[in-house]
Amino acid sequence: MSFRKSALSTFVASTLVASAMLPSGCGPSQDSAEVSLSGSGASFPSPLYTTWFGEYRKAHPTVRIDYTSKGSSGGIKDVMEGVVDFGASDAAMTDAELEEVARLRGRGVRMLPMTAGAVVIVYNLAGVSGLRIPRETLASIYLGEITRWDDPRLVAANPDIALPDLAITEVHRADGSGTTYAFTNHLASISDAWANGPGVTTSPNWPAEGGIGAKKNDGVAAMVKQTPGAIGYVELSFANQSGLPTALLQNRAGKFVPAAIPNIQAALAGTELPANLRLFLPDPAGADSYPIVTYTWLLAYESYPAAKLAALQEVLKWCLTDGQRFSERLGYAPLPDAVASRVIEVVGSLHAE
Amino acid sequence: MMTTDVESPPRAEAPSDPAGTPVDRPRLEHDLRAARSVFSGGFTVLCALLSLIAAFPLFGVLYMLIERGAARLSWSTLVELPPSAIQTEGGGFGNALAGTVFMVLIAGLIAVPAGVFAAVFLAEFGKDRPLAAAIRFGAKVLTGMPSIIAGIFGYALVVLTTGSFSAYAGGVALSILMLPIVTLTAEQAIRAVPAKMKEAAVGMGATPTQVVWRVTLPTAMPSILTGVMLAVARAAGETAPLLFTAQFTYFALRVDRLENAPSLAVLIYEFSGSPYEHQIALAWSASLVLVLLVLVFNLGGQLLARRNELARTR
């Protein structure tokens with residue numbers, strides 16, 4: 001029965017090896033003064049949030065902030081259940097959701113715009129760059145009324161480009177998404193047919209025939225990349241990183257603008273935030289404004305235990321001031337100073353339990 | 001039957017026939033053109049082809065992972081913390097590796113004792129009772145349960161009661177996935193212990209407890225460990241339950257506090273959907289490490305099973 005002993009010793013040995021591996025990943029046990037906060041929600045600002053919290057921890061080793069990107073609705077649900085210290089959402093929260101949290105958790109939620117980003121149109125047409133898409137035309141493509149790239153309406157807007165005789169394959173998000181919300185919000189404001197049809201939602205019924213659903217931003221980017229004639233919408237950083245060409249969109253002033261940070265900032269400039277800081281910009285005014293722009297909100301409770309409150313207020317103030325310098329590099333627009341100071345005011349009004 | 005079957009060779013008559021009629025002997029040569037030879041040969045080739053196709057995904061995945069993931073693999077990827085989006089080089093998944101090992105360890109500490117003792121009951125004491133049948137049925141249903149359900153269970157049981165995501169909640173969720181595998185394989189292992197050994201022990205005056213503890217369990221141990229290894233391999237690769245219970249963190253695993261815990265599976269999930277090339281590359285490397293980890297545990301399980309068989313036939 002010697003095999004029995006050797007089998008047991010194999011198991012013991014592997015357990016020992018496994019536990020010996022642990023310390024390599026566990027940091028040294030820090031003092032108990034460490035404050036840890038955890039948040040979850042929108043995937044849209046996740047690269048920026050995790051960069052912020054990583055950089056902040058370098059300067060403040062006693063504050064640890066974890067962020068898990070699981071989608072805006074997941075973040076709102078976690079805030080309702082009270083299992084996170086903050087949430088994040090691209091669609092802010094509805095009044096009904098805000099009341100629900102106050103009822104369930106006994107403390108309200110403040111919606112804090114942390115950064116702004118753009119939804120951009122990417123396409124796959126060999127050799128075509130700088131495509132211009134007029135307002136009605138964009139809605140018509142997604143409504144399925146324009147099905148070919150050499151449609152007269154597209155040709156008229158792009159006299160310098162030889163558009164191919166190719167079917168348009170519309171690509172959209174298969175999962176419920178804040179990016180989709182911002183996109184449909186814009187479509188509804190430029191097209192009555194869209195407003196009365198699919199409407200403004202995180203997962204509409206896509207009317208265009210032969211459209212393809214893809215999972216998350218990277219899924220849409222990959223699908224567009226491998227499908228000649230495809231058109232899709234993704235957030236700016238995904239478009240930049242994927243190397244796909246982006247379309248110039250026509251803003252309310254009638255001008256065709258690229259999805260560049262200055263144009264996003266132009267869209268934010270001069271907007272007035274309401275008291276609850278929830279403002280959507282479905283069709284911003286201004287000659288240089290990029291038309292599909294959205295804030296993204298961090299969802300903080302109105303009150304916290306003292307230690308957590310101090311840490312959260314500090315880190316949020318840092319994100320809204322020093323942290324804004326990371327935005328541009330990652331494809332987000334730094335908040336206008338006026339907006340940032342309004343948000344900092346609200347951060348200051350959070351109070352201890 | 002025999003008389004109507006024209007295909008089967010006629011039986012050799014006993015050579016006692018006095019009339020000297022030619023003896024009909026069985027034909028031993030094999031006609032390759034005969035329909036059934038062609039049929040048999042064709043099916044053999046088909047089976048070989050189909051089994052190659054069945055093996056293809058594993059080797060295809062391994063090849064792809066090695067091709068895309070091996071480049072970034074180094075000691076520092078195995079120990080460093082994950083890189084943020086602006087950190088375009090360096091970084092690793094040391095915390096996630098530790099998190100996966102720790103959570104699987106917690107899951108094992110829950111599932112192995114519970115599963116083995118349930119198996120002892122099923123195989124030795126409860127055998128044909130309705131309760132045993134119910135437990136066995138439950139375990140079988142549990143093996144087919146979507147893993148996300150285990151996540152929701154862990155969320156409701158641990159996350160909502162403690163008010164925080166944690167490595168421990170992750171461990172509990174993973175233990176739900178390990179439990180039925182351990183129980184069912186351990187029951188088979190215990191049933192395979194020869195009755196003679198147990199009878200001998202009883203004959204020497206051992207109590208039922210002593211029989212189980214000193215004879216049955218030690219003899220069945222290698223097979224039980226095979227099941228444990230398979231369960232570990234299953235649990236290590238699960239993403240959905242951990243998204244609900246442990247979430248993710250870019251920072252080190254802390255086991256002394258209830259906080260988000262990192263894991264390889266969730267790191268792959270997060271980074272594979274990132275726009276940034278270095279995070280995507282890291283997701284490939286992490287996939288390779290995870291597959292190797294699972295492979296090692298599977299091979300370990302197989303090895304134990306084989307040694308067990310050898311020992312038994314000896």
# chains A, B, ... in the order shown; residues from 1 in each chain; ligands from 1
call {"tool": "residues_around", "arguments": {"residues": "Ala236 (chain B)", "least_positions_apart": "5", "cutoff": "12 Å", "atoms": "only C-alpha atoms", "output": "PyMOL selection string"}}
result
chain B and resi 96-108+170-171+173-175+177-178+229-231+241-242+263-266+287+289-298
call {"tool": "closest_atom_pairs", "arguments": {"of": "chain B", "to": "chain A", "cutoff": "8 Å", "atoms": "only C-alpha atoms", "output": "CSV"}}
result
residue,atom,partner,partner_atom,distance
B:Val79,CA,A:Ser24,CA,6.2
B:Glu80,CA,A:Gly25,CA,7.6
B:Ser84,CA,A:Thr51,CA,5.1
B:Ala85,CA,A:Pro47,CA,5.5
B:Ile86,CA,A:Thr51,CA,6.8
B:Gly94,CA,A:Gly25,CA,5.0
B:Asn95,CA,A:Gly25,CA,4.3
B:Ala96,CA,A:Gly25,CA,7.6
B:Leu97,CA,A:Gly25,CA,7.3
B:Ala98,CA,A:Leu22,CA,5.1
B:Gly99,CA,A:Gly25,CA,7.8
B:Val101,CA,A:Ala18,CA,6.6
B:Phe102,CA,A:Leu22,CA,7.1
B:Val159,CA,A:Val83,CA,7.0
B:Leu160,CA,A:Val83,CA,6.7
B:Gly163,CA,A:Val83,CA,5.0
B:Ser164,CA,A:Val83,CA,5.2
B:Phe165,CA,A:Val83,CA,7.0
B:Pro218,CA,A:Arg4,CA,6.7
B:Thr219,CA,A:Arg4,CA,6.9
B:Met221,CA,A:Arg4,CA,6.9
B:Pro222,CA,A:Ala7,CA,5.9
B:Leu225,CA,A:Phe11,CA,7.8
B:Gln247,CA,A:Thr68,CA,6.1
B:Phe248,CA,A:Thr68,CA,5.6
B:Thr249,CA,A:Asp66,CA,5.2
B:Tyr250,CA,A:Asp66,CA,7.0
B:Phe251,CA,A:Asp66,CA,7.7
B:Ala252,CA,A:Cys26,CA,5.2
B:Leu253,CA,A:Cys26,CA,5.0
B:Arg254,CA,A:Cys26,CA,6.3
B:Glu259,CA,A:Ser36,CA,7.5
B:Asn260,CA,A:Asp66,CA,6.8
B:Glu270,CA,A:Ser69,CA,7.5
B:Gly273,CA,A:Asp218,CA,5.5
B:Ser274,CA,A:Asp218,CA,7.0
B:Pro275,CA,A:Phe238,CA,5.0
B:Tyr276,CA,A:Gln241,CA,6.5
B:Glu277,CA,A:Gln241,CA,7.8
B:Leu304,CA,A:Ala7,CA,6.9
B:Arg307,CA,A:Phe3,CA,7.4
B:Asn308,CA,A:Phe3,CA,7.2
B:Ala311,CA,A:Phe3,CA,6.8
call {"tool": "select_by_dssp", "arguments": {"residues": "region 229-311 of chain A", "states": "strand (DSSP E)", "output": "list in words"}}
result
Ala230, Ile231, Gly232, Tyr233, Val234, Glu235, Leu248, Leu249, Gln250, Phe256, Val257, Val293, Thr294, Tyr295, Thr296, Trp297, Leu298, Leu299, Ala300, Tyr301, Ser303 and Tyr304 of chain A
call {"tool": "write_last_selection", "arguments": {"atoms": "N, CA and C atoms", "output": "PDB file, in the first residue's frame"}}
result
ATOM      1  N   ALA A 230     -18.831  47.507 -43.183  1.00  0.00           N
ATOM      2  CA  ALA A 230     -19.500  47.636 -41.891  1.00  0.00           C
ATOM      3  C   ALA A 230     -19.415  49.062 -41.366  1.00  0.00           C
ATOM      4  N   ILE A 231     -20.421  49.424 -40.540  1.00  0.00           N
ATOM      5  CA  ILE A 231     -20.392  50.691 -39.821  1.00  0.00           C
ATOM      6  C   ILE A 231     -20.790  50.386 -38.384  1.00  0.00           C
ATOM      7  N   GLY A 232     -20.135  51.021 -37.434  1.00  0.00           N
ATOM      8  CA  GLY A 232     -20.455  50.743 -36.041  1.00  0.00           C
ATOM      9  C   GLY A 232     -20.162  51.952 -35.179  1.00  0.00           C
ATOM     10  N   TYR A 233     -20.602  51.906 -33.917  1.00  0.00           N
ATOM     11  CA  TYR A 233     -20.323  53.014 -33.009  1.00  0.00           C
ATOM     12  C   TYR A 233     -19.580  52.481 -31.797  1.00  0.00           C
ATOM     13  N   VAL A 234     -18.494  53.142 -31.426  1.00  0.00           N
ATOM     14  CA  VAL A 234     -17.727  52.763 -30.244  1.00  0.00           C
ATOM     15  C   VAL A 234     -17.284  54.040 -29.542  1.00  0.00           C
ATOM     16  N   GLU A 235     -16.795  53.902 -28.315  1.00  0.00           N
ATOM     17  CA  GLU A 235     -16.269  55.082 -27.662  1.00  0.00           C
ATOM     18  C   GLU A 235     -14.893  55.412 -28.242  1.00  0.00           C
ATOM     19  N   LEU A 248     -16.615  61.908 -39.904  1.00  0.00           N
ATOM     20  CA  LEU A 248     -16.933  63.262 -39.451  1.00  0.00           C
ATOM     21  C   LEU A 248     -18.451  63.378 -39.407  1.00  0.00           C
ATOM     22  N   LEU A 249     -18.962  63.855 -38.283  1.00  0.00           N
ATOM     23  CA  LEU A 249     -20.413  63.967 -38.146  1.00  0.00           C
ATOM     24  C   LEU A 249     -20.827  65.433 -38.228  1.00  0.00           C
ATOM     25  N   GLN A 250     -22.064  65.630 -38.688  1.00  0.00           N
ATOM     26  CA  GLN A 250     -22.570  66.989 -38.838  1.00  0.00           C
ATOM     27  C   GLN A 250     -23.247  67.408 -37.538  1.00  0.00           C
ATOM     28  N   PHE A 256     -19.345  69.765 -40.343  1.00  0.00           N
ATOM     29  CA  PHE A 256     -18.826  68.413 -40.145  1.00  0.00           C
ATOM     30  C   PHE A 256     -17.604  68.483 -39.241  1.00  0.00           C
ATOM     31  N   VAL A 257     -17.637  67.752 -38.125  1.00  0.00           N
ATOM     32  CA  VAL A 257     -16.523  67.832 -37.183  1.00  0.00           C
ATOM     33  C   VAL A 257     -15.982  66.436 -36.893  1.00  0.00           C
ATOM     34  N   VAL A 293     -21.828  63.328 -27.507  1.00  0.00           N
ATOM     35  CA  VAL A 293     -20.964  63.517 -26.354  1.00  0.00           C
ATOM     36  C   VAL A 293     -21.743  63.147 -25.105  1.00  0.00           C
ATOM     37  N   THR A 294     -21.069  62.555 -24.153  1.00  0.00           N
ATOM     38  CA  THR A 294     -21.770  62.246 -22.905  1.00  0.00           C
ATOM     39  C   THR A 294     -20.845  62.403 -21.709  1.00  0.00           C
ATOM     40  N   TYR A 295     -21.430  62.875 -20.600  1.00  0.00           N
ATOM     41  CA  TYR A 295     -20.723  62.811 -19.327  1.00  0.00           C
ATOM     42  C   TYR A 295     -20.815  61.385 -18.828  1.00  0.00           C
ATOM     43  N   THR A 296     -19.947  61.038 -17.900  1.00  0.00           N
ATOM     44  CA  THR A 296     -20.140  59.768 -17.211  1.00  0.00           C
ATOM     45  C   THR A 296     -20.075  60.057 -15.721  1.00  0.00           C
ATOM     46  N   TRP A 297     -20.973  59.412 -14.981  1.00  0.00           N
ATOM     47  CA  TRP A 297     -21.175  59.791 -13.584  1.00  0.00           C
ATOM     48  C   TRP A 297     -20.643  58.759 -12.613  1.00  0.00           C
ATOM     49  N   LEU A 298     -20.057  59.256 -11.531  1.00  0.00           N
ATOM     50  CA  LEU A 298     -19.750  58.406 -10.401  1.00  0.00           C
ATOM     51  C   LEU A 298     -20.900  58.572  -9.420  1.00  0.00           C
ATOM     52  N   LEU A 299     -21.397  57.475  -8.877  1.00  0.00           N
ATOM     53  CA  LEU A 299     -22.560  57.517  -8.009  1.00  0.00           C
ATOM     54  C   LEU A 299     -22.102  57.357  -6.569  1.00  0.00           C
ATOM     55  N   ALA A 300     -22.103  58.463  -5.821  1.00  0.00           N
ATOM     56  CA  ALA A 300     -21.630  58.409  -4.441  1.00  0.00           C
ATOM     57  C   ALA A 300     -22.829  58.521  -3.502  1.00  0.00           C
ATOM     58  N   TYR A 301     -22.762  57.843  -2.370  1.00  0.00           N
ATOM     59  CA  TYR A 301     -23.809  58.010  -1.359  1.00  0.00           C
ATOM     60  C   TYR A 301     -23.674  59.396  -0.735  1.00  0.00           C
ATOM     61  N   SER A 303     -23.867  59.992   2.436  1.00  0.00           N
ATOM     62  CA  SER A 303     -23.159  59.926   3.715  1.00  0.00           C
ATOM     63  C   SER A 303     -22.354  58.638   3.819  1.00  0.00           C
ATOM     64  N   TYR A 304     -21.262  58.739   4.565  1.00  0.00           N
ATOM     65  CA  TYR A 304     -20.341  57.612   4.754  1.00  0.00           C
ATOM     66  C   TYR A 304     -19.837  57.599   6.187  1.00  0.00           C
TER      67      TYR A 304
END
call {"tool": "residues_around", "arguments": {"residues": "Ala240 (chain B)", "least_positions_apart": "3", "cutoff": "9 Å", "atoms": "only C-alpha atoms", "output": "list in words"}}
result
Ser147, Ile148, Ile149, Ala150, Gly151, Leu243, Phe244, Thr245, Ala265 and Val266 of chain B
call {"tool": "write_last_selection", "arguments": {"atoms": "C-alpha atoms", "output": "mmCIF file, in the first residue's frame"}}
result
data_model
loop_
_atom_site.group_PDB
_atom_site.id
_atom_site.type_symbol
_atom_site.label_atom_id
_atom_site.label_comp_id
_atom_site.auth_asym_id
_atom_site.auth_seq_id
_atom_site.Cartn_x
_atom_site.Cartn_y
_atom_site.Cartn_z
ATOM 1 C CA SER B 147 -21.765 28.424 -13.009
ATOM 2 C CA ILE B 148 -23.361 31.863 -12.867
ATOM 3 C CA ILE B 149 -26.001 30.399 -10.528
ATOM 4 C CA ALA B 150 -23.198 29.512 -8.119
ATOM 5 C CA GLY B 151 -22.141 33.168 -8.341
ATOM 6 C CA LEU B 243 -17.662 38.435 -11.072
ATOM 7 C CA PHE B 244 -20.564 38.198 -8.653
ATOM 8 C CA THR B 245 -18.603 37.491 -5.503
ATOM 9 C CA ALA B 265 -10.308 34.426 -14.892
ATOM 10 C CA VAL B 266 -11.719 37.887 -14.163
#
call {"tool": "closest_residue", "arguments": {"among": "A:Lys308, A:Arg110, A:Arg132, A:Arg325", "to": "Ala88 (chain A)", "atoms": "only C-alpha atoms"}}
result
A:Arg110
